[in-house]
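Q: Input structure: coords-v1.cif, which contains mmCIF, C-alpha atoms and all ligand atoms.
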```cif
data_run
#
loop_
_atom_site.label_atom_id
_atom_site.label_comp_id
_atom_site.auth_asym_id
_atom_site.auth_seq_id
_atom_site.Cartn_x
_atom_site.Cartn_y
_atom_site.Cartn_z
CA MET A 1280 -16.77 -1.59 15.88
CA LYS A 1281 -19.20 -3.86 14.03
CA ILE A 1282 -19.86 -7.38 15.29
CA ASN A 1283 -21.04 -9.96 12.77
CA ILE A 1284 -22.63 -13.10 14.21
CA ILE A 1285 -23.13 -16.03 11.87
CA GLY A 1286 -26.08 -18.19 13.00
CA ALA A 1287 -29.36 -17.18 14.62
CA GLY A 1288 -29.75 -20.24 16.85
CA PRO A 1289 -30.35 -19.61 20.57
CA VAL A 1290 -26.65 -18.97 21.21
CA GLY A 1291 -26.16 -16.47 18.36
CA CYS A 1292 -29.36 -14.57 19.23
CA TYR A 1293 -28.57 -14.46 22.96
CA LEU A 1294 -25.05 -13.21 22.26
CA ALA A 1295 -26.42 -10.55 19.89
CA TYR A 1296 -28.85 -9.40 22.59
CA LEU A 1297 -26.01 -9.15 25.16
CA LEU A 1298 -23.78 -7.13 22.82
CA ALA A 1299 -26.38 -4.84 21.28
CA ASP A 1300 -26.07 -2.02 23.81
CA LYS A 1301 -22.34 -1.64 23.19
CA PHE A 1302 -21.79 -2.50 19.52
CA GLU A 1303 -23.41 -2.41 16.12
CA VAL A 1304 -24.48 -6.06 15.74
CA GLU A 1305 -25.70 -7.93 12.66
CA VAL A 1306 -26.74 -11.59 12.65
CA TYR A 1307 -26.76 -13.70 9.47
CA GLU A 1308 -28.96 -16.79 9.27
CA GLU A 1309 -29.20 -19.08 6.28
CA HIS A 1310 -32.80 -20.09 7.05
CA SER A 1311 -35.58 -17.60 6.47
CA GLU A 1312 -37.46 -18.59 9.66
CA ILE A 1313 -36.11 -18.60 13.22
CA GLY A 1314 -36.15 -21.92 15.09
CA LYS A 1315 -36.84 -24.04 12.02
CA PRO A 1316 -36.18 -26.78 11.13
CA VAL A 1317 -36.23 -28.22 14.66
CA GLN A 1318 -33.42 -30.70 15.31
CA CYS A 1319 -33.59 -30.98 19.09
CA ALA A 1320 -35.18 -33.05 21.86
CA GLY A 1321 -35.80 -29.79 23.69
CA ILE A 1322 -34.95 -30.87 27.21
CA ILE A 1323 -33.01 -28.59 29.54
CA THR A 1324 -32.23 -28.68 33.24
CA ASN A 1325 -33.15 -26.16 35.87
CA SER A 1326 -29.70 -24.60 35.28
CA ILE A 1327 -31.36 -22.48 32.58
CA ASN A 1328 -32.52 -20.27 35.46
CA SER A 1329 -28.90 -19.41 36.25
CA VAL A 1330 -28.63 -18.01 32.72
CA ILE A 1331 -32.01 -16.44 31.95
CA GLN A 1332 -35.66 -16.60 32.97
CA ILE A 1333 -37.60 -18.17 30.08
CA PRO A 1334 -41.28 -17.24 29.62
CA PRO A 1335 -44.00 -19.83 30.41
CA GLU A 1336 -45.26 -19.99 26.79
CA VAL A 1337 -41.95 -21.61 25.75
CA ILE A 1338 -42.37 -24.43 28.30
CA LEU A 1339 -44.40 -27.50 27.32
CA ASN A 1340 -43.79 -29.70 30.35
CA LYS A 1341 -41.81 -29.97 33.58
CA ILE A 1342 -40.84 -33.43 34.82
CA LYS A 1343 -39.21 -34.66 38.02
CA ASN A 1344 -39.32 -38.44 37.42
CA PHE A 1345 -36.26 -39.70 35.58
CA GLU A 1346 -35.41 -43.32 34.78
CA ILE A 1347 -31.99 -44.48 33.60
CA SER A 1348 -31.81 -48.02 32.25
CA TYR A 1349 -29.32 -50.46 30.80
CA LYS A 1350 -30.67 -53.88 29.75
CA ASP A 1351 -32.32 -55.27 32.93
CA GLN A 1352 -30.83 -52.56 35.17
CA LYS A 1353 -32.97 -49.60 36.23
CA LEU A 1354 -32.39 -46.51 38.32
CA LYS A 1355 -35.32 -44.27 39.16
CA ILE A 1356 -34.65 -40.81 40.50
CA LYS A 1357 -36.88 -37.91 41.47
CA LEU A 1358 -35.18 -34.64 40.55
CA ARG A 1359 -35.41 -31.91 43.16
CA ASN A 1360 -35.83 -29.35 40.36
CA PRO A 1361 -37.74 -30.66 37.35
CA ASP A 1362 -36.28 -30.88 33.87
CA ILE A 1363 -37.95 -28.49 31.46
CA ILE A 1364 -39.32 -29.58 28.08
CA ILE A 1365 -39.38 -26.67 25.66
CA ASP A 1366 -40.96 -25.78 22.35
CA ARG A 1367 -37.67 -25.25 20.54
CA THR A 1368 -39.07 -22.90 17.87
CA LYS A 1369 -40.64 -20.66 20.52
CA PHE A 1370 -37.43 -20.88 22.59
CA ASP A 1371 -35.25 -19.64 19.71
CA THR A 1372 -37.84 -16.97 18.82
CA PHE A 1373 -37.74 -15.70 22.42
CA PHE A 1374 -34.00 -14.95 22.07
CA TYR A 1375 -34.48 -13.53 18.56
CA ASN A 1376 -37.17 -11.09 19.80
CA LYS A 1377 -35.00 -9.98 22.71
CA ALA A 1378 -32.15 -9.20 20.31
CA LYS A 1379 -34.44 -7.44 17.83
CA GLU A 1380 -35.92 -5.27 20.60
CA ARG A 1381 -32.38 -4.12 21.41
CA GLY A 1382 -31.80 -3.05 17.83
CA VAL A 1383 -29.84 -6.00 16.43
CA LYS A 1384 -30.02 -6.21 12.63
CA PHE A 1385 -30.95 -9.65 11.26
CA SER A 1386 -30.26 -10.85 7.72
CA LEU A 1387 -32.46 -13.95 7.46
CA GLY A 1388 -32.18 -16.29 4.49
CA LYS A 1389 -28.55 -15.25 4.05
CA ARG A 1390 -25.89 -17.92 4.12
CA ILE A 1391 -22.32 -16.72 4.65
CA ASN A 1392 -19.92 -18.75 2.52
CA ASP A 1393 -16.92 -16.46 2.54
CA LEU A 1394 -15.81 -14.64 5.70
CA ALA A 1395 -14.11 -11.98 3.55
CA GLU A 1396 -17.66 -10.64 2.90
CA LEU A 1397 -17.75 -9.35 6.50
CA LYS A 1398 -15.81 -6.47 8.06
CA GLY A 1399 -15.10 -6.24 11.81
CA ILE A 1400 -15.36 -8.96 14.44
CA ILE A 1401 -16.84 -12.25 13.20
CA ILE A 1402 -18.44 -14.68 15.63
CA GLY A 1403 -19.30 -18.19 14.56
CA ALA A 1404 -22.49 -19.31 16.28
CA ASP A 1405 -23.04 -21.34 13.16
CA GLY A 1406 -23.51 -24.83 14.56
CA PRO A 1407 -21.59 -28.11 14.19
CA ASN A 1408 -20.38 -27.42 10.63
CA SER A 1409 -19.06 -23.97 11.55
CA ILE A 1410 -17.15 -22.24 8.77
CA VAL A 1411 -15.63 -19.90 11.37
CA SER A 1412 -14.26 -22.82 13.40
CA LYS A 1413 -12.72 -24.20 10.18
CA ALA A 1414 -11.20 -20.78 9.40
CA ILE A 1415 -9.63 -20.78 12.87
CA GLY A 1416 -8.04 -24.12 11.95
CA ASN A 1417 -10.14 -26.50 14.05
CA LYS A 1418 -11.25 -29.98 13.11
CA THR A 1419 -14.53 -31.08 14.66
CA THR A 1420 -16.10 -34.52 14.60
CA SER A 1421 -19.72 -35.19 15.46
CA TRP A 1422 -22.22 -37.78 16.57
CA MET A 1423 -25.63 -38.01 14.93
CA GLY A 1424 -28.90 -37.42 16.76
CA ILE A 1425 -32.15 -38.80 15.30
CA GLN A 1426 -35.60 -38.49 16.80
CA THR A 1427 -39.28 -38.85 16.09
CA LYS A 1428 -42.54 -38.30 17.96
CA ILE A 1429 -44.55 -41.29 19.14
CA LYS A 1430 -47.91 -41.47 20.93
CA LEU A 1431 -46.95 -42.90 24.35
CA PRO A 1432 -48.60 -42.50 27.74
CA ASP A 1433 -45.21 -42.12 29.55
CA SER A 1434 -44.96 -39.42 32.18
CA GLN A 1435 -41.30 -39.90 33.13
CA ILE A 1436 -38.13 -39.04 31.24
CA LYS A 1437 -36.19 -42.14 30.21
CA ALA A 1438 -32.52 -42.43 29.28
CA SER A 1439 -31.64 -45.85 27.85
CA LEU A 1440 -27.89 -46.46 27.92
CA ASP A 1441 -28.06 -49.65 25.84
CA TYR A 1442 -28.85 -47.89 22.54
CA GLY A 1443 -25.84 -46.20 20.90
CA LYS A 1444 -24.48 -43.44 23.14
CA PHE A 1445 -27.97 -43.30 24.65
CA GLY A 1446 -31.64 -43.26 23.77
CA TRP A 1447 -34.21 -40.80 25.14
CA THR A 1448 -37.96 -40.79 25.73
CA ILE A 1449 -39.24 -37.35 26.64
CA PRO A 1450 -42.94 -36.72 27.32
CA GLU A 1451 -44.24 -33.50 25.81
CA GLY A 1452 -47.19 -33.64 28.21
CA ASN A 1453 -49.88 -34.26 25.61
CA GLY A 1454 -49.66 -38.06 25.29
CA THR A 1455 -46.77 -37.69 22.82
CA CYS A 1456 -43.11 -38.44 23.50
CA ARG A 1457 -39.98 -37.31 21.70
CA VAL A 1458 -38.05 -40.54 21.15
CA GLY A 1459 -34.53 -40.58 19.80
CA ILE A 1460 -30.93 -41.67 19.99
CA MET A 1461 -27.41 -40.28 19.79
CA ASP A 1462 -24.75 -42.48 18.21
CA GLU A 1463 -21.73 -42.55 15.93
CA LYS A 1464 -22.83 -41.35 12.48
CA GLU A 1465 -22.32 -44.73 10.79
CA ASN A 1466 -24.49 -46.60 13.36
CA ALA A 1467 -27.15 -44.00 14.08
CA LYS A 1468 -29.85 -45.09 11.59
CA GLN A 1469 -29.64 -48.73 12.69
CA THR A 1470 -29.66 -47.84 16.41
CA PHE A 1471 -32.66 -45.53 15.88
CA LYS A 1472 -34.58 -48.28 14.06
CA LYS A 1473 -33.91 -50.71 16.92
CA PHE A 1474 -34.82 -48.17 19.59
CA THR A 1475 -38.10 -47.11 18.00
CA LYS A 1476 -38.87 -50.66 16.83
CA GLY A 1477 -39.53 -49.26 13.38
CA LYS A 1478 -42.18 -46.76 14.58
CA GLN A 1479 -41.26 -43.42 13.13
CA ASN A 1480 -42.84 -40.40 11.58
CA SER A 1481 -41.72 -36.79 11.16
CA LEU A 1482 -38.02 -37.61 11.51
CA GLN A 1483 -35.62 -34.98 12.83
CA ALA A 1484 -31.88 -35.54 12.56
CA GLY A 1485 -28.81 -33.45 13.15
CA LEU A 1486 -25.16 -33.45 14.07
CA ILE A 1487 -24.06 -33.28 17.69
CA PRO A 1488 -20.45 -32.04 17.87
CA LYS A 1489 -17.88 -33.80 20.05
CA TYR A 1490 -16.24 -31.36 22.43
CA ASN A 1491 -12.52 -31.07 21.71
CA PRO A 1492 -10.62 -29.28 24.50
CA LYS A 1493 -7.67 -28.75 22.14
CA ASN A 1494 -9.66 -26.68 19.63
CA LYS A 1495 -8.99 -22.93 19.53
CA LEU A 1496 -11.81 -20.55 20.51
CA CYS A 1497 -10.54 -17.46 18.73
CA LYS A 1498 -7.96 -16.19 16.26
CA ASN A 1499 -7.47 -12.55 15.24
CA ASN A 1500 -11.00 -11.15 14.68
CA LEU A 1501 -12.67 -14.61 14.69
CA TYR A 1502 -14.47 -16.20 17.66
CA ILE A 1503 -16.62 -19.30 18.07
CA VAL A 1504 -19.35 -20.20 20.56
CA GLY A 1505 -22.05 -22.84 21.14
CA ASP A 1506 -22.20 -25.88 18.84
CA ALA A 1507 -19.74 -24.11 16.53
CA ALA A 1508 -17.18 -24.54 19.32
CA GLY A 1509 -18.36 -28.08 20.15
CA MET A 1510 -19.76 -26.85 23.47
CA VAL A 1511 -21.99 -29.85 24.02
CA LYS A 1512 -22.20 -32.20 26.99
CA ALA A 1513 -20.61 -35.42 25.74
CA THR A 1514 -22.80 -37.52 28.04
CA THR A 1515 -26.19 -36.40 26.69
CA GLY A 1516 -25.57 -34.25 23.61
CA GLY A 1517 -27.18 -31.28 25.38
CA GLY A 1518 -25.68 -28.03 24.11
CA ILE A 1519 -28.23 -25.34 24.89
CA ILE A 1520 -27.11 -24.48 28.42
CA PRO A 1521 -23.31 -24.69 27.86
CA GLY A 1522 -23.73 -22.59 24.70
CA LEU A 1523 -25.79 -19.90 26.44
CA LYS A 1524 -23.34 -19.80 29.36
CA ALA A 1525 -20.45 -19.38 26.92
CA ALA A 1526 -22.32 -16.60 25.06
CA LYS A 1527 -22.56 -14.69 28.34
CA VAL A 1528 -18.81 -15.09 28.92
CA LEU A 1529 -17.94 -14.07 25.35
CA ALA A 1530 -20.15 -10.96 25.53
CA ASN A 1531 -18.42 -9.87 28.74
CA CYS A 1532 -15.00 -10.48 27.23
CA LEU A 1533 -15.77 -8.40 24.13
CA ILE A 1534 -17.27 -5.58 26.18
CA LYS A 1535 -14.55 -5.54 28.84
CA ARG A 1536 -11.68 -6.64 26.53
CA LYS A 1537 -10.88 -9.77 28.55
CA LYS A 1538 -9.39 -13.06 27.35
CA TYR A 1539 -12.22 -15.39 26.21
CA LYS A 1540 -10.42 -18.70 26.80
CA ARG A 1541 -9.38 -17.75 30.31
CA LYS A 1542 -12.80 -16.42 31.32
CA LEU A 1543 -14.46 -19.53 29.89
CA ARG A 1544 -12.53 -21.75 32.31
CA LYS A 1545 -15.59 -22.88 34.30
CA VAL A 1546 -17.57 -23.88 31.19
CA ARG A 1547 -14.53 -25.64 29.72
CA LYS A 1548 -13.92 -27.60 32.93
CA GLU A 1549 -17.53 -28.77 32.97
CA LEU A 1550 -17.33 -29.84 29.31
CA LYS A 1551 -14.07 -31.69 30.03
CA THR A 1552 -15.73 -33.56 32.92
CA GLN A 1553 -18.59 -34.51 30.60
CA LEU A 1554 -16.03 -35.80 28.08
CA ILE A 1555 -14.29 -37.90 30.73
CA ALA A 1556 -17.63 -39.36 31.82
CA ARG A 1557 -18.37 -40.21 28.15
CA LYS A 1558 -15.02 -42.02 27.82
CA VAL A 1559 -15.66 -44.02 30.99
CA LEU A 1560 -19.21 -44.92 29.90
CA ASP A 1561 -17.95 -46.01 26.46
CA HIS A 1562 -15.50 -48.49 27.98
CA LEU A 1563 -17.62 -50.15 30.65
CA ASN A 1564 -18.58 -53.80 30.25
CA ASP A 1565 -21.94 -55.25 31.34
CA GLU A 1566 -20.61 -56.36 34.73
CA GLU A 1567 -19.13 -52.91 35.48
CA ILE A 1568 -22.36 -51.17 34.48
CA LYS A 1569 -24.34 -53.50 36.74
CA LYS A 1570 -22.01 -52.60 39.63
CA LEU A 1571 -22.45 -48.89 38.92
CA PHE A 1572 -26.24 -49.17 38.93
CA LYS A 1573 -26.03 -50.98 42.29
CA LEU A 1574 -23.85 -48.18 43.66
CA PHE A 1575 -26.14 -45.43 42.35
CA ARG A 1576 -29.20 -47.15 43.83
CA LYS A 1577 -27.74 -46.54 47.32
CA GLU A 1578 -29.76 -43.76 48.92
CA LYS A 1579 -26.74 -41.50 49.62
CA ASN A 1580 -25.68 -41.58 45.95
CA LYS A 1581 -29.18 -41.36 44.51
CA LYS A 1582 -29.66 -38.21 46.54
CA ILE A 1583 -26.65 -36.57 44.85
CA LEU A 1584 -28.13 -37.29 41.41
CA GLU A 1585 -31.52 -35.99 42.52
CA GLU A 1586 -30.23 -32.76 44.01
CA ILE A 1587 -27.57 -31.59 41.53
CA ASP A 1588 -28.53 -31.33 37.88
CA ARG A 1589 -26.45 -32.80 35.06
CA ASP A 1590 -25.20 -29.39 33.90
CA ASN A 1591 -23.03 -29.57 37.02
CA LEU A 1592 -21.42 -32.95 36.44
CA LYS A 1593 -18.12 -31.84 37.94
CA LYS A 1594 -19.88 -31.14 41.23
CA ILE A 1595 -21.72 -34.49 41.04
CA ALA A 1596 -18.46 -36.35 40.29
CA ILE A 1597 -16.58 -34.78 43.21
CA LYS A 1598 -19.38 -35.61 45.67
CA LEU A 1599 -19.69 -39.17 44.37
CA LEU A 1600 -15.92 -39.74 44.53
CA LEU A 1601 -15.72 -38.42 48.08
CA ARG A 1602 -18.51 -40.73 49.21
CA ASN A 1603 -17.38 -43.72 47.11
CA PRO A 1604 -13.55 -43.72 46.80
CA THR A 1605 -13.67 -47.09 44.95
CA LEU A 1606 -15.04 -45.18 41.93
CA ILE A 1607 -11.44 -44.15 41.23
CA THR A 1608 -10.86 -47.69 39.88
CA TYR A 1609 -12.77 -46.56 36.75
CA ALA A 1610 -10.12 -43.88 36.05
CA PRO A 1611 -7.99 -46.01 33.65
CA LYS A 1612 -11.00 -46.13 31.26
CA ILE A 1613 -10.31 -42.48 30.48
CA TYR A 1614 -7.08 -43.40 28.74
CA LYS A 1615 -8.45 -46.31 26.64
C1 LIG A 1701 -31.41 -34.65 17.51
C2 LIG A 1701 -30.85 -33.63 18.47
C3 LIG A 1701 -31.41 -33.51 19.73
C4 LIG A 1701 -30.89 -32.55 20.63
N1 LIG A 1701 -31.49 -32.44 21.86
C5 LIG A 1701 -31.03 -31.51 22.73
C6 LIG A 1701 -31.66 -31.34 23.98
O1 LIG A 1701 -32.64 -31.98 24.30
N2 LIG A 1701 -31.14 -30.40 24.84
C7 LIG A 1701 -30.06 -29.64 24.51
O2 LIG A 1701 -29.60 -28.84 25.35
N3 LIG A 1701 -29.44 -29.79 23.33
C8 LIG A 1701 -29.92 -30.69 22.42
N4 LIG A 1701 -29.33 -30.81 21.19
C9 LIG A 1701 -28.22 -29.91 20.88
C10 LIG A 1701 -28.75 -28.51 20.59
O3 LIG A 1701 -29.70 -28.55 19.57
C11 LIG A 1701 -27.60 -27.57 20.24
O4 LIG A 1701 -26.60 -27.68 21.22
C12 LIG A 1701 -28.07 -26.12 20.14
O5 LIG A 1701 -28.98 -25.95 19.10
C13 LIG A 1701 -26.86 -25.21 19.92
O6 LIG A 1701 -27.28 -23.91 19.61
P1 LIG A 1701 -26.38 -22.97 18.67
O7 LIG A 1701 -27.11 -21.68 18.61
O8 LIG A 1701 -24.97 -23.03 19.10
O9 LIG A 1701 -26.40 -23.69 17.25
P2 LIG A 1701 -27.62 -24.02 16.28
O10 LIG A 1701 -28.88 -24.14 17.03
O11 LIG A 1701 -27.15 -25.18 15.46
O12 LIG A 1701 -27.71 -22.73 15.35
C14 LIG A 1701 -26.75 -22.47 14.36
C15 LIG A 1701 -27.44 -21.64 13.29
O13 LIG A 1701 -26.46 -21.22 12.36
C16 LIG A 1701 -27.02 -21.26 11.06
N5 LIG A 1701 -25.90 -21.34 10.11
C17 LIG A 1701 -24.98 -22.32 10.02
N6 LIG A 1701 -24.05 -22.02 9.09
C18 LIG A 1701 -24.40 -20.80 8.58
C19 LIG A 1701 -23.83 -19.95 7.58
N7 LIG A 1701 -22.70 -20.27 6.94
N8 LIG A 1701 -24.46 -18.78 7.29
C20 LIG A 1701 -25.61 -18.41 7.93
N9 LIG A 1701 -26.19 -19.19 8.88
C21 LIG A 1701 -25.58 -20.37 9.22
C22 LIG A 1701 -27.91 -22.48 11.10
O14 LIG A 1701 -28.92 -22.43 10.10
C23 LIG A 1701 -28.48 -22.41 12.51
O15 LIG A 1701 -29.70 -21.72 12.55
C24 LIG A 1701 -29.79 -31.75 20.26
C25 LIG A 1701 -29.23 -31.88 19.01
C26 LIG A 1701 -29.75 -32.82 18.10
C27 LIG A 1701 -29.14 -32.93 16.74
#
```
As structure tokens, what does this structure read like?
Ligand SMILES: Cc1cc2nc3c(=O)[nH]c(=O)nc-3n(C[C@H](O)[C@H](O)[C@H](O)COP(=O)(O)OP(=O)(O)OC[C@H]3O[C@@H](n4cnc5c(N)ncnc54)[C@H](O)[C@@H]3O)c2cc1C
A:
Amino acid sequence: MKINIIGAGPVGCYLAYLLADKFEVEVYEEHSEIGKPVQCAGIITNSINSVIQIPPEVILNKIKNFEISYKDQKLKIKLRNPDIIIDRTKFDTFFYNKAKERGVKFSLGKRINDLAELKGIIIGADGPNSIVSKAIGNKTTSWMGIQTKIKLPDSQIKASLDYGKFGWTIPEGNGTCRVGIMDEKENAKQTFKKFTKGKQNSLQAGLIPKYNPKNKLCKNNLYIVGDAAGMVKATTGGGIIPGLKAAKVLANCLIKRKKYKRKLRKVRKELKTQLIARKVLDHLNDEEIKKLFKLFRKEKNKKILEEIDRDNLKKIAIKLLLRNPTLITYAPKIYK
């Protein structure tokens, strides 16, 4: 049985690598170079190690100091396991090389416009505008992410909640920071201008899909994974780790003939928790945010945020709720 994967991003390449021993696999990528153009802030949590060991040459920086701010409110945490700042082109190339070494065939510079061109199983790892997701019948909406690089001496990661969905400052470790925002498409340019105070060069912009738990993940011979399936954390726009985790599940399901949706339960629950957190964040007023910062500054709560990384938000939420039952008063925000 032939498996056709559309999209040679990290998720498509990783999936191809996992399937290569059992199937004939071909990957189609519209760009002629892997990992370009870069449209990513390139920050991942330590959870990457639960998926795969990445080589040191892909890593630019590791940072434990993390500051979350909203207007005059600040919360400084020291992560037990540092966040990892990657060179996204090298990261994607790492997965591409692994797949190639296992005998995967790549057709670079080939855009698939019509799925009828392909025979066998078709997997959409083709990003936020996935043609495979559309063929399955899904409708996906997206935020916009825009970033630039600015010379800044910062050595801590900053998340600013008062700019769009949030703004980020991520030190590359060479006196340069990746500075950007995620917001609704219609506001993104304006929010970015405000956040960077007009300083901008070498702009990178891209869509960040909104996870929709109602979307289908497969139909007949069609499957979707990664950004194509909206598998992005709605709090931060991070999609690398959920996408890679889902690729692992999908590979196992295809090899062992198991049901993808059912086996993906853990990833789906995490993405749902991220979505709920997004809804709550979107409906908080200044006073409520101030109260939350006060609560998170308490040592017992800060410790939870320091010890469990944000790819495990469900675990964080359960621990926080158990220690702070009053947090349940924020629940009605989910339904607004
Ligand atoms: C500004 C910005 C910043 C981000 N920062 C982070 C971050 O710091 N951390 C993080 O975890 N995530 C981040 N993300 C999200 C992250 O980039 C994605 O979640 C991740 O790239 C998903 O990988 P993927 O392989 O599923 O899709 P993609 O990386 O989008 O790869 C899809 C590939 O499919 C190809 N393709 C699409 N359609 C076709 C077609 N019809 N035929 C052939 N090829 C096709 C595309 O060219 C592309 O190469 C950010 C996103 C943006 C926009």
Q: Produce the centre coordinates and the three edge lengths, each in Å to one decimal, of the box along x, y and z that contains all listed atoms of ligand LIG 1701 (chain A) with 5 Å added on each side, as JSON.
A:
```
{"center_x": -27.7, "center_y": -26.5, "center_z": 16.1, "size_x": 19.9, "size_y": 26.2, "size_z": 28.4}
```
Q: Counting all atoms listed in the file, which residue out of A:Asp1565, A:Asp1588, A:Glu1465, A:Glu1308 sits closest to ligand LIG 1701 (chain A)?
A: A:Glu1308
Q: Hey, which bits of chain A sit within 6 Å of ligand LIG 1701 (chain A), and for each residue what's the closest pair of atoms and how far apart in Å (one decimal), counting only C-alpha atoms and all ligand atoms, rows by chain and increasing number, as a Markdown table?
A:
```
| residue | atom | partner | partner_atom | distance |
| --- | --- | --- | --- | --- |
| A:Ile1285 | CA | A:LIG1701 | C20 | 5.2 |
| A:Gly1286 | CA | A:LIG1701 | O13 | 3.1 |
| A:Ala1287 | CA | A:LIG1701 | O15 | 5.0 |
| A:Gly1288 | CA | A:LIG1701 | O7 | 3.5 |
| A:Pro1289 | CA | A:LIG1701 | O7 | 4.3 |
| A:Val1290 | CA | A:LIG1701 | O7 | 3.8 |
| A:Gly1291 | CA | A:LIG1701 | O7 | 5.3 |
| A:Tyr1307 | CA | A:LIG1701 | C20 | 5.1 |
| A:Glu1308 | CA | A:LIG1701 | N9 | 3.7 |
| A:Glu1309 | CA | A:LIG1701 | N9 | 4.0 |
| A:His1310 | CA | A:LIG1701 | O14 | 5.5 |
| A:Gln1318 | CA | A:LIG1701 | C1 | 4.9 |
| A:Cys1319 | CA | A:LIG1701 | C3 | 3.4 |
| A:Ala1320 | CA | A:LIG1701 | O1 | 3.7 |
| A:Gly1321 | CA | A:LIG1701 | O1 | 3.9 |
| A:Ile1322 | CA | A:LIG1701 | O1 | 3.9 |
| A:Ile1323 | CA | A:LIG1701 | N2 | 5.4 |
| A:Lys1389 | CA | A:LIG1701 | C20 | 5.8 |
| A:Arg1390 | CA | A:LIG1701 | N8 | 3.6 |
| A:Ile1391 | CA | A:LIG1701 | N8 | 4.0 |
| A:Asn1392 | CA | A:LIG1701 | N7 | 5.4 |
| A:Ala1404 | CA | A:LIG1701 | O8 | 5.3 |
| A:Asp1405 | CA | A:LIG1701 | O13 | 3.5 |
| A:Gly1406 | CA | A:LIG1701 | O11 | 3.8 |
| A:Ser1409 | CA | A:LIG1701 | N6 | 5.9 |
| A:Gly1424 | CA | A:LIG1701 | C1 | 3.8 |
| A:Ile1425 | CA | A:LIG1701 | C1 | 4.8 |
| A:Gln1426 | CA | A:LIG1701 | C1 | 5.7 |
| A:Ala1484 | CA | A:LIG1701 | C1 | 5.1 |
| A:Gly1485 | CA | A:LIG1701 | C27 | 3.6 |
| A:Leu1486 | CA | A:LIG1701 | C27 | 4.8 |
| A:Ile1487 | CA | A:LIG1701 | C27 | 5.2 |
| A:Gly1505 | CA | A:LIG1701 | O8 | 3.6 |
| A:Asp1506 | CA | A:LIG1701 | O8 | 4.0 |
| A:Ala1507 | CA | A:LIG1701 | O8 | 5.9 |
| A:Val1511 | CA | A:LIG1701 | O4 | 5.8 |
| A:Gly1516 | CA | A:LIG1701 | N4 | 5.6 |
| A:Gly1517 | CA | A:LIG1701 | N3 | 3.4 |
| A:Gly1518 | CA | A:LIG1701 | O4 | 3.1 |
| A:Ile1519 | CA | A:LIG1701 | O2 | 3.8 |
| A:Ile1520 | CA | A:LIG1701 | O2 | 5.9 |
| A:Gly1522 | CA | A:LIG1701 | O8 | 5.8 |
```
Q: Of the candidates A:Ser1326, A:Ser1311, A:Gln1352, A:Ser1421, which shows the shortest atom-to-atom distance to A:Gly1388, using only C-alpha atoms?
A: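 Going through A:Ser1326, A:Ser1311, A:Gln1352, A:Ser1421 one by one, the smallest distance to A:Gly1388 is for A:Ser1311.
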Q: Choose the residue, out of A:Val1411, A:Leu1387, A:Ile1460, A:Leu1560, that has the smallest atom-to-atom separation from A:Met1423; count all atoms listed in the file.
A: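 Closest to A:Met1423 of all the choices is A:Ile1460.
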Q: Using only C-alpha atoms, determine which residues lie at most 9 Å from A:Lys1489, disregarding the query and same-chain residues fewer than 5 positions distant; provide the list as a ChimeraX atom specification.
A: /A:1407,1419-1422,1509-1513,1516,1554
Q: Just write the chosen residues, C-alpha atoms, as a PDB file, in the coordinates of the input.
A:
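The result, stored in part-v1.pdb:
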```
ATOM      1  CA  PRO A1407     -21.590 -28.110  14.190  1.00  0.00           C
ATOM      2  CA  THR A1419     -14.530 -31.080  14.660  1.00  0.00           C
ATOM      3  CA  THR A1420     -16.100 -34.520  14.600  1.00  0.00           C
ATOM      4  CA  SER A1421     -19.720 -35.190  15.460  1.00  0.00           C
ATOM      5  CA  TRP A1422     -22.220 -37.780  16.570  1.00  0.00           C
ATOM      6  CA  GLY A1509     -18.360 -28.080  20.150  1.00  0.00           C
ATOM      7  CA  MET A1510     -19.760 -26.850  23.470  1.00  0.00           C
ATOM      8  CA  VAL A1511     -21.990 -29.850  24.020  1.00  0.00           C
ATOM      9  CA  LYS A1512     -22.200 -32.200  26.990  1.00  0.00           C
ATOM     10  CA  ALA A1513     -20.610 -35.420  25.740  1.00  0.00           C
ATOM     11  CA  GLY A1516     -25.570 -34.250  23.610  1.00  0.00           C
ATOM     12  CA  LEU A1554     -16.030 -35.800  28.080  1.00  0.00           C
TER      13      LEU A1554
END
```
Q: I'd like to know which of A:Val1337, A:Ile1313, A:Ala1610, A:Ile1597 is closest to A:Asp1366, using only C-alpha atoms.
A: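 Between A:Val1337, A:Ile1313, A:Ala1610, A:Ile1597, the residue approaching A:Asp1366 most closely is A:Val1337.
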Q: Identify, on the basis of all atoms listed in the file, every residue whose closest approach to A:Ser1439 does not exceed 6 Å; exclude the query and any residue fewer than 6 positions from it along the same chain; express the result as a PyMOL selection string.
A: chain A and resi 1347-1349+1445-1446
Q: With only C-alpha atoms as the atoms that count, which of A:Lys1478, A:Lys1538, A:Lys1598, A:Lys1581 lies nearest to A:Thr1427?
A: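 Of A:Lys1478, A:Lys1538, A:Lys1598, A:Lys1581, the one nearest A:Thr1427 is A:Lys1478, counting only C-alpha atoms.
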Q: Skipping near chain neighbours, those fewer than 5 positions away, what residues fall within 12 Å of A:Asp1561 using only C-alpha atoms, listed as a PyMOL selection string?
A: chain A and resi 1440-1445+1462-1463+1513-1514+1554-1556+1567-1568+1609+1612-1615
Q: Rank nothing, just name the residue among A:Leu1431, A:Ala1299, A:Ile1587, A:Ile1436 nearest to A:Thr1448, using only C-alpha atoms.
A: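 Answer, going by the shortest atom-to-atom distance: A:Ile1436.
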Q: One decimal, Å: what's the distance from atom CA of A:Asn1408 over to atom CA of A:Val1504, could you say?
A: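 Result for atom CA of A:Asn1408 versus atom CA of A:Val1504: 12.3 Å, one decimal.
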